[in-house]
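This is run_39.csv. It holds CSV, C-alpha atoms.
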```csv
chain,number,residue,atom,x,y,z
T,1,MET,CA,142.3,95.3,173.7
T,2,THR,CA,141.1,98.9,173.5
T,3,ILE,CA,137.6,100.0,174.5
T,4,ASP,CA,136.7,100.7,170.9
T,5,GLU,CA,137.7,97.2,169.9
T,6,LEU,CA,135.7,95.8,172.7
T,7,ARG,CA,132.6,97.8,171.7
T,8,ALA,CA,132.9,96.3,168.2
T,9,TYR,CA,131.9,93.0,169.9
T,10,PRO,CA,128.7,93.8,171.9
T,11,THR,CA,128.1,90.1,172.6
T,12,GLY,CA,131.6,89.5,173.8
T,13,LYS,CA,134.7,88.0,172.1
T,14,VAL,CA,135.4,84.3,172.5
T,15,TYR,CA,139.0,83.1,172.5
T,16,ALA,CA,140.1,79.5,172.0
T,17,MET,CA,140.9,77.6,175.2
T,18,LYS,CA,144.5,77.2,176.1
T,19,PRO,CA,145.6,73.5,175.9
T,20,MET,CA,144.9,71.7,179.1
T,21,VAL,CA,147.9,70.8,181.2
T,22,TYR,CA,147.6,67.5,183.1
T,23,GLU,CA,149.5,66.1,186.1
T,24,LYS,CA,150.4,69.6,187.2
T,25,TYR,CA,151.1,68.5,190.7
T,26,GLN,CA,154.8,67.9,189.8
T,27,GLN,CA,155.1,71.6,189.0
T,28,ILE,CA,153.2,72.6,192.2
T,29,LEU,CA,155.3,70.3,194.4
T,30,SER,CA,158.6,71.7,193.0
T,31,THR,CA,157.6,75.4,193.2
T,32,PRO,CA,159.6,77.0,196.0
T,33,SER,CA,157.5,78.9,198.6
T,34,THR,CA,157.7,82.7,199.3
T,35,ARG,CA,159.3,82.0,202.7
T,36,LEU,CA,162.9,83.1,203.2
T,37,SER,CA,164.0,79.5,203.4
T,38,LYS,CA,162.3,78.8,200.1
T,39,ALA,CA,161.0,75.5,201.6
T,40,PRO,CA,158.3,74.0,199.5
T,41,TYR,CA,154.7,74.7,200.3
T,42,LEU,CA,153.9,71.0,200.8
T,43,PRO,CA,156.5,69.7,203.4
T,44,GLN,CA,155.3,66.1,203.0
T,45,ASN,CA,155.9,66.3,199.2
T,46,LYS,CA,152.3,65.3,198.6
T,47,VAL,CA,148.9,66.8,199.0
T,48,ALA,CA,148.3,66.8,202.8
T,49,LEU,CA,144.9,65.8,204.1
T,50,TYR,CA,146.5,65.5,207.6
T,51,ASN,CA,148.1,68.9,208.1
T,52,THR,CA,151.3,68.5,210.1
T,53,THR,CA,151.9,72.3,210.2
T,54,PHE,CA,148.6,72.9,211.9
T,55,GLU,CA,149.4,70.0,214.3
T,56,ALA,CA,152.8,71.4,215.2
T,57,ASN,CA,151.2,74.7,216.1
T,58,GLY,CA,148.6,73.2,218.3
T,59,TYR,CA,145.6,73.2,215.9
T,60,ASP,CA,143.6,70.2,214.7
T,61,ALA,CA,145.4,68.4,211.9
T,62,LEU,CA,142.1,67.3,210.4
T,63,PRO,CA,138.9,69.4,210.0
T,64,ARG,CA,136.8,69.2,213.1
T,65,TRP,CA,133.1,69.8,213.2
T,66,ARG,CA,131.6,72.0,215.9
T,67,GLU,CA,128.2,73.6,216.4
T,68,PRO,CA,127.7,77.1,215.0
T,69,PRO,CA,127.4,79.7,217.9
T,70,GLU,CA,123.6,79.8,217.3
T,71,SER,CA,121.5,76.9,215.9
T,72,LEU,CA,118.4,74.9,216.5
T,73,THR,CA,120.3,72.3,218.5
T,74,ALA,CA,123.1,74.5,220.1
T,75,THR,CA,120.9,77.2,221.5
T,76,PRO,CA,117.4,75.7,221.9
T,77,ALA,CA,116.5,78.5,224.3
T,78,LEU,CA,116.8,81.1,221.5
T,79,THR,CA,114.4,79.2,219.2
T,80,GLU,CA,111.3,80.4,221.0
T,81,LYS,CA,112.0,84.0,219.9
T,82,PHE,CA,114.2,83.1,216.8
T,83,PRO,CA,112.8,79.9,215.3
T,84,LEU,CA,114.5,80.0,211.9
T,85,VAL,CA,118.1,79.2,210.8
T,86,PHE,CA,119.6,82.1,208.9
T,87,SER,CA,122.6,82.1,206.6
T,88,ASP,CA,123.8,84.0,203.6
T,89,TYR,CA,125.3,83.1,200.3
T,90,HIS,CA,128.0,85.1,198.4
T,91,THR,CA,127.5,84.2,194.8
T,92,SER,CA,124.3,85.0,192.9
T,93,LYS,CA,123.4,84.7,189.2
T,94,VAL,CA,124.3,88.3,188.5
T,95,TYR,CA,126.5,89.7,191.2
T,96,ASN,CA,130.0,89.0,192.6
T,97,ALA,CA,130.2,89.3,196.4
T,98,GLY,CA,129.4,92.9,197.6
T,99,TRP,CA,129.6,94.8,194.3
T,100,LEU,CA,128.1,95.3,190.8
T,101,ARG,CA,124.7,96.4,192.3
T,102,ASN,CA,125.2,99.7,190.6
T,103,VAL,CA,125.3,98.2,187.1
T,104,PRO,CA,121.7,98.7,185.7
T,105,LEU,CA,121.8,95.7,183.3
T,106,LEU,CA,122.5,93.4,186.3
T,107,ARG,CA,120.4,95.3,188.8
T,108,GLU,CA,117.3,94.8,186.6
T,109,VAL,CA,117.6,91.1,186.9
T,110,MET,CA,117.7,91.2,190.7
T,111,PRO,CA,116.6,94.7,191.8
T,112,TYR,CA,116.1,94.1,195.5
T,113,PRO,CA,117.8,92.2,198.4
T,114,THR,CA,115.7,89.1,198.8
T,115,LEU,CA,115.1,86.5,201.5
T,116,HIS,CA,114.7,83.0,200.2
T,117,ILE,CA,111.8,81.5,202.3
T,118,HIS,CA,109.8,78.3,201.9
T,119,PRO,CA,106.2,79.2,201.0
T,120,THR,CA,104.8,77.2,204.0
T,121,THR,CA,107.0,79.1,206.4
T,122,ALA,CA,106.1,82.4,204.8
T,123,LYS,CA,102.3,81.8,204.9
T,124,GLN,CA,102.5,80.9,208.6
T,125,ARG,CA,103.7,84.5,209.1
T,126,ASP,CA,101.2,86.0,206.7
T,127,VAL,CA,104.0,86.9,204.3
T,128,ALA,CA,103.1,86.9,200.6
T,129,ASP,CA,105.6,86.4,197.8
T,130,GLY,CA,107.3,89.8,197.2
T,131,ASP,CA,106.3,91.3,200.6
T,132,TRP,CA,109.0,93.2,202.5
T,133,VAL,CA,110.1,91.6,205.7
T,134,ASP,CA,112.0,92.4,208.9
T,135,VAL,CA,114.6,89.7,209.6
T,136,THR,CA,115.7,89.9,213.2
T,137,SER,CA,118.5,87.9,214.9
T,138,PRO,CA,119.9,88.3,218.4
T,139,HIS,CA,122.5,90.7,216.9
T,140,GLY,CA,120.9,92.7,214.2
T,141,ARG,CA,117.9,93.5,211.9
T,142,ILE,CA,117.8,93.7,208.2
T,143,VAL,CA,114.9,94.5,205.8
T,144,LEU,CA,114.5,92.3,202.7
T,145,LYS,CA,112.0,91.3,200.1
T,146,ALA,CA,110.5,87.9,200.6
T,147,GLN,CA,110.9,85.5,197.7
T,148,TYR,CA,109.0,82.2,197.8
T,149,PHE,CA,111.7,79.6,197.3
T,150,PRO,CA,110.2,76.0,197.4
T,151,GLY,CA,113.7,74.5,197.2
T,152,ILE,CA,114.8,75.7,200.7
T,153,ARG,CA,114.3,73.8,204.0
T,154,PRO,CA,111.1,75.1,205.8
T,155,ASP,CA,113.1,75.8,209.0
T,156,THR,CA,115.8,77.8,207.1
T,157,VAL,CA,115.9,81.2,205.4
T,158,MET,CA,118.8,82.5,203.2
T,159,ALA,CA,119.8,85.9,201.9
T,160,LEU,CA,122.5,87.2,199.5
T,161,HIS,CA,125.3,89.1,201.3
T,162,GLY,CA,126.8,92.3,200.1
T,163,TRP,CA,123.9,94.8,199.7
T,164,TRP,CA,124.7,98.4,200.1
T,165,GLN,CA,125.1,100.0,196.6
T,166,GLY,CA,122.2,101.8,195.0
T,167,CYS,CA,121.6,102.1,191.3
T,168,GLU,CA,121.1,105.6,190.0
T,169,GLU,CA,119.9,104.7,186.6
T,170,LEU,CA,117.0,102.6,188.0
T,171,GLY,CA,116.3,105.1,190.8
T,172,LEU,CA,117.2,102.6,193.6
T,173,PRO,CA,118.8,104.2,196.6
T,174,ALA,CA,121.8,102.8,198.5
T,175,THR,CA,120.9,100.9,201.6
T,176,SER,CA,122.3,101.3,205.1
T,177,ILE,CA,125.1,99.0,206.3
T,178,LEU,CA,123.6,99.4,209.8
T,179,ASP,CA,120.4,98.0,211.3
T,180,GLY,CA,117.4,98.4,209.0
T,181,GLY,CA,119.5,98.0,205.8
T,182,ALA,CA,120.3,94.7,204.1
T,183,ASN,CA,123.8,94.0,205.4
T,184,THR,CA,123.8,90.3,206.5
T,185,ASN,CA,127.1,90.7,208.4
T,186,LEU,CA,125.2,92.4,211.2
T,187,MET,CA,123.2,89.3,211.9
T,188,TYR,CA,126.0,87.1,213.4
T,189,ALA,CA,127.7,86.7,216.7
T,190,VAL,CA,131.0,88.5,217.0
T,191,ASP,CA,132.5,87.3,220.3
T,192,GLU,CA,135.8,85.5,219.9
T,193,THR,CA,134.3,82.0,220.4
T,194,ALA,CA,132.1,82.5,217.4
T,195,PHE,CA,135.1,82.7,215.0
T,196,ASP,CA,137.1,79.9,213.5
T,197,PRO,CA,140.3,79.7,215.5
T,198,LEU,CA,142.5,79.0,212.5
T,199,VAL,CA,141.3,81.0,209.6
T,200,THR,CA,139.4,83.5,211.8
T,201,ALA,CA,136.3,83.4,209.6
T,202,MET,CA,133.0,84.5,211.0
T,203,SER,CA,130.4,81.8,211.5
T,204,SER,CA,127.8,82.7,208.9
T,205,GLN,CA,124.9,81.2,210.8
T,206,THR,CA,122.4,82.4,213.3
T,207,LEU,CA,118.7,82.2,214.3
T,208,VAL,CA,116.1,84.7,213.2
T,209,GLU,CA,112.4,85.6,213.1
T,210,VAL,CA,110.7,87.0,210.0
T,211,LYS,CA,107.9,89.5,210.2
T,212,LYS,CA,106.1,91.4,207.5
T,213,THR,CA,106.9,95.1,207.3
T,214,ALA,CA,106.3,98.2,205.2
T,215,PRO,CA,108.5,98.7,202.1
T,216,PRO,CA,111.6,100.8,202.9
T,217,LYS,CA,111.5,104.5,201.8
Y,1,MET,CA,108.4,80.0,149.9
Y,2,LEU,CA,108.8,82.1,153.0
Y,3,THR,CA,112.1,81.7,154.8
Y,4,GLN,CA,111.5,81.6,158.5
Y,5,TYR,CA,114.3,82.1,161.0
Y,6,GLY,CA,113.7,81.1,164.6
Y,7,ILE,CA,115.4,80.5,168.0
Y,8,TYR,CA,115.2,77.1,169.6
Y,9,VAL,CA,115.5,77.0,173.4
Y,10,ASP,CA,116.9,73.9,175.1
Y,11,VAL,CA,115.4,74.4,178.6
Y,12,GLU,CA,117.5,71.4,179.8
Y,13,ARG,CA,120.7,73.4,179.1
Y,14,CYS,CA,119.6,76.8,180.4
Y,15,VAL,CA,121.4,77.7,183.7
Y,16,GLN,CA,119.4,80.9,184.3
Y,17,CYS,CA,122.4,83.2,184.0
Y,18,HIS,CA,120.4,85.9,182.2
Y,19,ALA,CA,123.4,86.5,179.8
Y,20,CYS,CA,121.0,86.4,176.8
Y,21,GLU,CA,118.9,89.2,178.5
Y,22,THR,CA,121.8,91.5,179.1
Y,23,ALA,CA,123.5,90.8,175.8
Y,24,CYS,CA,120.2,91.7,174.1
Y,25,LYS,CA,119.9,94.9,176.1
Y,26,ALA,CA,123.5,95.9,175.5
Y,27,LYS,CA,123.5,95.2,171.8
Y,28,ASN,CA,120.1,96.8,171.1
Y,29,ASN,CA,120.7,99.7,173.6
Y,30,ILE,CA,117.5,99.1,175.4
Y,31,GLU,CA,116.5,101.5,178.1
Y,32,PRO,CA,116.0,100.4,181.8
Y,33,GLY,CA,112.7,98.8,182.5
Y,34,VAL,CA,112.3,97.3,179.0
Y,35,LYS,CA,113.3,93.8,178.1
Y,36,TRP,CA,113.1,92.2,174.6
Y,37,ARG,CA,114.2,88.9,176.0
Y,38,MET,CA,113.5,87.8,179.5
Y,39,VAL,CA,114.4,84.6,181.5
Y,40,LEU,CA,111.5,83.2,183.4
Y,41,ASP,CA,111.9,81.1,186.6
Y,42,PHE,CA,109.6,78.1,187.4
Y,43,TRP,CA,109.5,75.7,190.4
Y,44,GLN,CA,108.1,72.2,190.3
Y,45,GLY,CA,107.8,70.4,193.6
Y,46,GLN,CA,109.5,71.6,196.7
Y,47,PHE,CA,112.1,70.6,199.4
Y,48,PRO,CA,113.3,67.9,199.6
Y,49,THR,CA,112.8,67.1,195.9
Y,50,PRO,CA,112.5,70.5,194.2
Y,51,VAL,CA,113.0,71.1,190.5
Y,52,ASN,CA,113.9,74.6,189.3
Y,53,ARG,CA,113.5,75.4,185.6
Y,54,SER,CA,114.0,78.5,183.5
Y,55,LEU,CA,112.7,79.6,180.2
Y,56,PRO,CA,114.4,82.3,178.1
Y,57,TYR,CA,111.5,84.0,176.4
Y,58,ALA,CA,111.2,86.5,173.6
Y,59,CYS,CA,109.1,87.3,170.5
Y,60,PHE,CA,108.3,84.1,168.6
Y,61,HIS,CA,107.9,85.8,165.2
Y,62,CYS,CA,104.6,83.9,164.6
Y,63,ALA,CA,103.6,82.7,161.2
Y,64,VAL,CA,100.2,84.4,161.8
Y,65,PRO,CA,101.1,87.3,164.1
Y,66,ALA,CA,98.1,88.4,166.3
Y,67,CYS,CA,99.9,91.8,166.8
Y,68,GLU,CA,100.1,92.5,163.1
Y,69,ALA,CA,96.3,91.8,162.7
Y,70,ALA,CA,95.5,94.0,165.7
Y,71,CYS,CA,97.7,97.0,164.7
Y,72,PRO,CA,95.5,99.8,163.3
Y,73,SER,CA,98.4,101.8,161.8
Y,74,GLY,CA,100.1,99.0,159.8
Y,75,ALA,CA,103.3,99.4,161.8
Y,76,ILE,CA,103.8,95.7,162.3
Y,77,THR,CA,104.7,93.6,159.3
Y,78,LYS,CA,106.0,90.1,158.7
Y,79,ARG,CA,109.1,90.2,156.5
Y,80,SER,CA,109.0,87.5,153.7
Y,81,SER,CA,112.8,87.4,153.4
Y,82,ASP,CA,113.5,86.0,156.9
Y,83,GLY,CA,110.1,85.8,158.7
Y,84,VAL,CA,110.9,88.5,161.2
Y,85,VAL,CA,107.8,90.2,162.7
Y,86,ASP,CA,109.1,93.8,162.4
Y,87,VAL,CA,107.9,97.0,164.0
Y,88,ASN,CA,108.0,100.3,162.1
Y,89,HIS,CA,108.9,102.7,164.9
Y,90,ASP,CA,107.7,105.8,162.9
Y,91,ARG,CA,104.3,104.4,162.1
Y,92,CYS,CA,103.5,103.1,165.6
Y,93,ILE,CA,100.9,105.3,167.3
Y,94,GLY,CA,101.4,103.8,170.8
Y,95,CYS,CA,97.8,102.5,171.1
Y,96,ARG,CA,99.0,99.2,172.7
Y,97,SER,CA,96.4,97.1,170.7
Y,98,CYS,CA,99.3,94.7,170.0
Y,99,GLN,CA,99.9,94.3,173.7
Y,100,LEU,CA,96.3,93.2,174.2
Y,101,ALA,CA,96.4,90.9,171.1
Y,102,CYS,CA,99.7,89.1,171.7
Y,103,PRO,CA,99.1,85.8,173.5
Y,104,PHE,CA,102.7,85.7,174.8
Y,105,GLY,CA,102.9,89.2,176.5
Y,106,ILE,CA,105.7,90.2,174.2
Y,107,PRO,CA,105.2,93.9,173.2
Y,108,GLN,CA,107.1,96.4,175.4
Y,109,PHE,CA,106.8,100.1,175.7
Y,110,GLY,CA,109.6,102.4,176.8
Y,111,SER,CA,109.7,106.1,177.5
Y,112,ASP,CA,108.8,107.1,173.9
Y,113,GLY,CA,105.5,105.2,174.3
Y,114,ARG,CA,106.0,103.1,171.1
Y,115,MET,CA,106.1,99.4,170.8
Y,116,GLN,CA,109.4,97.6,170.8
Y,117,LYS,CA,110.4,94.0,170.8
Y,118,CYS,CA,112.9,91.4,169.6
Y,119,ASN,CA,113.7,91.7,165.8
Y,120,LEU,CA,116.0,88.7,165.8
Y,121,CYS,CA,118.9,91.1,165.4
Y,122,VAL,CA,118.2,91.7,161.7
Y,123,ASP,CA,121.2,94.0,161.4
Y,124,ARG,CA,123.5,91.1,162.6
Y,125,LEU,CA,121.6,88.6,160.4
Y,126,GLY,CA,122.7,90.8,157.4
Y,127,HIS,CA,126.3,90.2,158.4
Y,128,ASN,CA,125.7,86.4,158.7
Y,129,LEU,CA,125.9,86.7,162.5
Y,130,GLU,CA,123.6,85.0,165.0
Y,131,PRO,CA,121.4,87.2,167.2
Y,132,ALA,CA,123.2,88.6,170.3
Y,133,CYS,CA,121.4,86.3,172.7
Y,134,VAL,CA,122.3,83.1,170.8
Y,135,ALA,CA,125.9,84.3,170.3
Y,136,THR,CA,126.3,85.0,174.0
Y,137,CYS,CA,124.7,82.0,175.7
Y,138,PRO,CA,127.5,80.3,177.6
Y,139,ALA,CA,125.5,77.1,178.2
Y,140,GLU,CA,124.7,76.8,174.4
Y,141,ALA,CA,121.0,76.5,175.2
Y,142,LEU,CA,119.9,78.7,172.3
Y,143,PHE,CA,120.1,77.7,168.7
Y,144,PHE,CA,119.5,79.9,165.7
Y,145,GLY,CA,118.6,79.0,162.2
Y,146,THR,CA,115.8,78.5,159.6
Y,147,LEU,CA,113.0,76.4,160.9
Y,148,GLU,CA,114.0,73.7,158.3
Y,149,ALA,CA,117.5,73.6,159.6
Y,150,LEU,CA,116.4,73.5,163.2
Y,151,ASN,CA,113.9,70.7,162.2
Y,152,ARG,CA,116.7,68.5,160.9
Y,153,GLN,CA,118.1,68.1,164.4
Y,154,GLY,CA,116.3,65.3,166.2
Y,155,PRO,CA,115.8,66.5,169.8
Y,156,ILE,CA,114.9,70.0,168.5
Y,157,ARG,CA,112.2,68.6,166.2
Y,158,LYS,CA,110.7,66.8,169.1
Y,159,GLY,CA,110.6,70.0,171.2
Y,160,ILE,CA,109.1,72.1,168.4
Y,161,ASN,CA,106.4,69.5,167.7
Y,162,ARG,CA,105.5,69.6,171.4
Y,163,MET,CA,105.3,73.4,171.5
Y,164,LYS,CA,103.3,73.6,168.3
Y,165,HIS,CA,100.8,71.3,169.7
Y,166,ILE,CA,100.2,73.7,172.7
Y,167,TRP,CA,100.3,77.0,170.8
Y,168,LEU,CA,98.5,76.0,167.5
Y,169,ASN,CA,96.6,79.2,166.8
Y,170,ALA,CA,99.4,81.7,166.5
Y,171,ALA,CA,101.9,79.2,165.0
Y,172,PRO,CA,104.9,80.7,166.8
Y,173,SER,CA,108.2,80.3,164.8
Y,174,VAL,CA,110.1,78.4,167.4
```
Spell out the structure here as structure tokens.
Amino acid sequence: MTIDELRAYPTGKVYAMKPMVYEKYQQILSTPSTRLSKAPYLPQNKVALYNTTFEANGYDALPRWREPPESLTATPALTEKFPLVFSDYHTSKVYNAGWLRNVPLLREVMPYPTLHIHPTTAKQRDVADGDWVDVTSPHGRIVLKAQYFPGIRPDTVMALHGWWQGCEELGLPATSILDGGANTNLMYAVDETAFDPLVTAMSSQTLVEVKKTAPPK
Amino acid sequence: MLTQYGIYVDVERCVQCHACETACKAKNNIEPGVKWRMVLDFWQGQFPTPVNRSLPYACFHCAVPACEAACPSGAITKRSSDGVVDVNHDRCIGCRSCQLACPFGIPQFGSDGRMQKCNLCVDRLGHNLEPACVATCPAEALFFGTLEALNRQGPIRKGINRMKHIWLNAAPSV
């Protein structure tokens, strides 16, 4: 489709759905892997809940729960200074991950990096709906706009990750990826025990305190 | 008899994706800061039993438009062919009387200082196409048609009656 054709459909063009294929597992099980041996991806020839490949390499064959590096129960000593659980989410109603903030049509819907906070938790800190707040963890500090969110646990606050782009058309400047910006990655522990040993993902949980602050320039 | 087109909103189906808002802005080429359709966000209750609701909201094209009555320059008229409350951009003097008169906070003012709002995509209507917001809605929460046609659908009729009961004076065409 050319850009001119696309412009002729300002509300989008809807195509009919392709017919649904059922029992696709046969196709998946018989697909050779990209390994040199071409061995199938699923050595047990079925969907593996108990992962023998992980086990053979010294990892847990089944998912194992462990405490995040910082939490209300794992690090009670931290809770005096940082009494709230902090985490971030990656999908919002208008953005994908860390981009699209520069698209004015989307940025208008959600113009500022926000902190979801329970109204009771906010009022205890003299934070009104829409106030700018400093969110501080043992590792970093970000500045967000408080949004009263009655659906969240009162001991927890959440932010959207991926804020750095500005939006020229709306006059919104880019934000720092360092302390004082809105980059949630700064907030978490980075020593090696904080990472998942198998998929090496960062633990997206820490403890924070929230304080009212002046709007960023 | 007046033909009245309207948009019915099924709030139970709305997923608050704002696609109607952006489709409206893209199709009508609306400048930043102005919205002809907006999606409002409401909370009922709180953790652990919160309910979040949203309401896509635009001009209701009232049967008795308060904006039309308030306009000193005759820029606002109700079209008899489709019931659209239309704004004549050239006649508008930017006095904002309509903004004060409208009970729903609909009239918007951009950089040219003149009133603008939803016109039910009358240009698309002429080609037998639904308004951009309705055509876009991925959750199929918006329905477009004449009020008689919308009335023939059971759940929709129930919703309309409930809303008319609340907003009797302006008789919004919803």
Given all atoms listed in the file as the basis, pick out the residue of Y:Gly94, Y:Pro72, Y:Pro138, Y:Gly105 nearest to chain T.
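So, comparing all the options, the nearest one is Y:Pro138.
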Within 6 Å of chain T, which residues of chain Y show up? Give each one with its shortest atom-to-atom distance in Å (one decimal) and the two atoms involved, counting all atoms listed in the file, rows by chain then rising residue number, as JSON lines.
```
{"residue": "Y:Cys17", "atom": "CA", "partner": "T:Lys93", "partner_atom": "CA", "distance": 5.5}
{"residue": "Y:Thr22", "atom": "CA", "partner": "T:Leu105", "partner_atom": "CA", "distance": 5.9}
{"residue": "Y:Ala23", "atom": "CA", "partner": "T:Thr11", "partner_atom": "CA", "distance": 5.6}
{"residue": "Y:Lys27", "atom": "CA", "partner": "T:Pro10", "partner_atom": "CA", "distance": 5.4}
{"residue": "Y:Gln46", "atom": "CA", "partner": "T:Pro150", "partner_atom": "CA", "distance": 4.5}
{"residue": "Y:Phe47", "atom": "CA", "partner": "T:Gly151", "partner_atom": "CA", "distance": 4.8}
{"residue": "Y:Pro50", "atom": "CA", "partner": "T:Gly151", "partner_atom": "CA", "distance": 5.1}
{"residue": "Y:Ala132", "atom": "CA", "partner": "T:Thr11", "partner_atom": "CA", "distance": 5.6}
{"residue": "Y:Thr136", "atom": "CA", "partner": "T:Thr11", "partner_atom": "CA", "distance": 5.6}
```
Using only C-alpha atoms, which of Y:Gln108, Y:Ser80, Y:Gln153, Y:Asn128 sits nearest Gln4 (chain Y)?
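Looking only at the distances to Gln4 (chain Y), the closest residue turns out to be Y:Ser80.
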Can you tell me, as number ranges by chain, what residues are no more than 8 Å from region 59-74 of chain T when counting all atoms listed in the file, ignoring any on the same chain fewer than 4 positions away?
T: 49-55, 79, 83-85, 189, 193-194, 198, 203, 205-207
So how far away is CA of Gly6 (chain Y) from CA of Glu148 (chain Y), in Å?
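Interatomic distance, CA of Glu148 (chain Y) to CA of Gly6 (chain Y): 9.7 Å.
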Atomic distance CA of Val51 (chain Y) - CA of Asp10 (chain Y), expressed in Å with one decimal
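Separation of CA of Val51 (chain Y) and CA of Asp10 (chain Y): 16.1 Å.
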Would you work out the distance separating CA of Ala146 (chain T) from CA of Val127 (chain T), expressed in Å to one decimal?
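CA of Val127 (chain T) lies 7.5 Å from CA of Ala146 (chain T).
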Just checking: using only C-alpha atoms, which residue out of T:Val103, T:Met1, T:Ala77, T:Tyr89 ends up closest to Ala26 (chain Y)?
T:Val103
List as a PDB file with C-alpha atoms, in the coordinates of the input the protein and nucleic acid residues near Tyr112 (chain T), meaning an atom at most 12 Å away when all atoms listed in the file are counted, but skip any in the same chain fewer than 2 places from it.
```
ATOM      1  CA  ARG T 101     124.700  96.400 192.300  1.00  0.00           C
ATOM      2  CA  ASN T 102     125.200  99.700 190.600  1.00  0.00           C
ATOM      3  CA  LEU T 106     122.500  93.400 186.300  1.00  0.00           C
ATOM      4  CA  ARG T 107     120.400  95.300 188.800  1.00  0.00           C
ATOM      5  CA  GLU T 108     117.300  94.800 186.600  1.00  0.00           C
ATOM      6  CA  VAL T 109     117.600  91.100 186.900  1.00  0.00           C
ATOM      7  CA  MET T 110     117.700  91.200 190.700  1.00  0.00           C
ATOM      8  CA  THR T 114     115.700  89.100 198.800  1.00  0.00           C
ATOM      9  CA  LEU T 115     115.100  86.500 201.500  1.00  0.00           C
ATOM     10  CA  GLY T 130     107.300  89.800 197.200  1.00  0.00           C
ATOM     11  CA  ASP T 131     106.300  91.300 200.600  1.00  0.00           C
ATOM     12  CA  TRP T 132     109.000  93.200 202.500  1.00  0.00           C
ATOM     13  CA  VAL T 143     114.900  94.500 205.800  1.00  0.00           C
ATOM     14  CA  LEU T 144     114.500  92.300 202.700  1.00  0.00           C
ATOM     15  CA  LYS T 145     112.000  91.300 200.100  1.00  0.00           C
ATOM     16  CA  ALA T 146     110.500  87.900 200.600  1.00  0.00           C
ATOM     17  CA  GLN T 147     110.900  85.500 197.700  1.00  0.00           C
ATOM     18  CA  ALA T 159     119.800  85.900 201.900  1.00  0.00           C
ATOM     19  CA  LEU T 160     122.500  87.200 199.500  1.00  0.00           C
ATOM     20  CA  HIS T 161     125.300  89.100 201.300  1.00  0.00           C
ATOM     21  CA  GLY T 162     126.800  92.300 200.100  1.00  0.00           C
ATOM     22  CA  TRP T 163     123.900  94.800 199.700  1.00  0.00           C
ATOM     23  CA  TRP T 164     124.700  98.400 200.100  1.00  0.00           C
ATOM     24  CA  GLN T 165     125.100 100.000 196.600  1.00  0.00           C
ATOM     25  CA  GLY T 166     122.200 101.800 195.000  1.00  0.00           C
ATOM     26  CA  CYS T 167     121.600 102.100 191.300  1.00  0.00           C
ATOM     27  CA  LEU T 170     117.000 102.600 188.000  1.00  0.00           C
ATOM     28  CA  GLY T 171     116.300 105.100 190.800  1.00  0.00           C
ATOM     29  CA  LEU T 172     117.200 102.600 193.600  1.00  0.00           C
ATOM     30  CA  PRO T 173     118.800 104.200 196.600  1.00  0.00           C
ATOM     31  CA  ALA T 174     121.800 102.800 198.500  1.00  0.00           C
ATOM     32  CA  THR T 175     120.900 100.900 201.600  1.00  0.00           C
ATOM     33  CA  GLY T 181     119.500  98.000 205.800  1.00  0.00           C
ATOM     34  CA  ALA T 182     120.300  94.700 204.100  1.00  0.00           C
ATOM     35  CA  PRO T 215     108.500  98.700 202.100  1.00  0.00           C
ATOM     36  CA  PRO T 216     111.600 100.800 202.900  1.00  0.00           C
TER      37      PRO T 216
END
```
I'd like to know which of Y:Trp36, Y:Gly45, Y:Ile7, Y:Ser97 is closest to Glu130 (chain Y), using only C-alpha atoms.
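Ranked by minimum distance to Glu130 (chain Y), first place goes to Y:Ile7.
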Counting only C-alpha atoms, which residue out of Y:Ile30, Y:Leu142, Y:Val39, Y:Leu147 sits closest to Ala58 (chain Y)?
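Looking at the shortest contact to Ala58 (chain Y), the residue is Y:Val39.
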Using all atoms listed in the file, which of the listed residues (Y:Pro103, Y:Arg79, Y:His18, Y:Met38) sits closest to Val122 (chain Y)?
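The answer is Y:Arg79, which sits nearest to Val122 (chain Y).
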So that I can see what lies close to Val85 (chain Y), please list as a list in words the residues with an atom at most 10 Å from it, counting all atoms listed in the file and leaving out residues fewer than 2 positions away in the same chain.
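My list of contacting residues is Cys59, Phe60, His61, Cys62, Ala63, Val64, Pro65, Cys67, Glu68, Ile76, Thr77, Lys78, Arg79, Ser80, Asp82, Gly83, Val87, Lys117, Cys118, Asn119 and Leu120 of chain Y.
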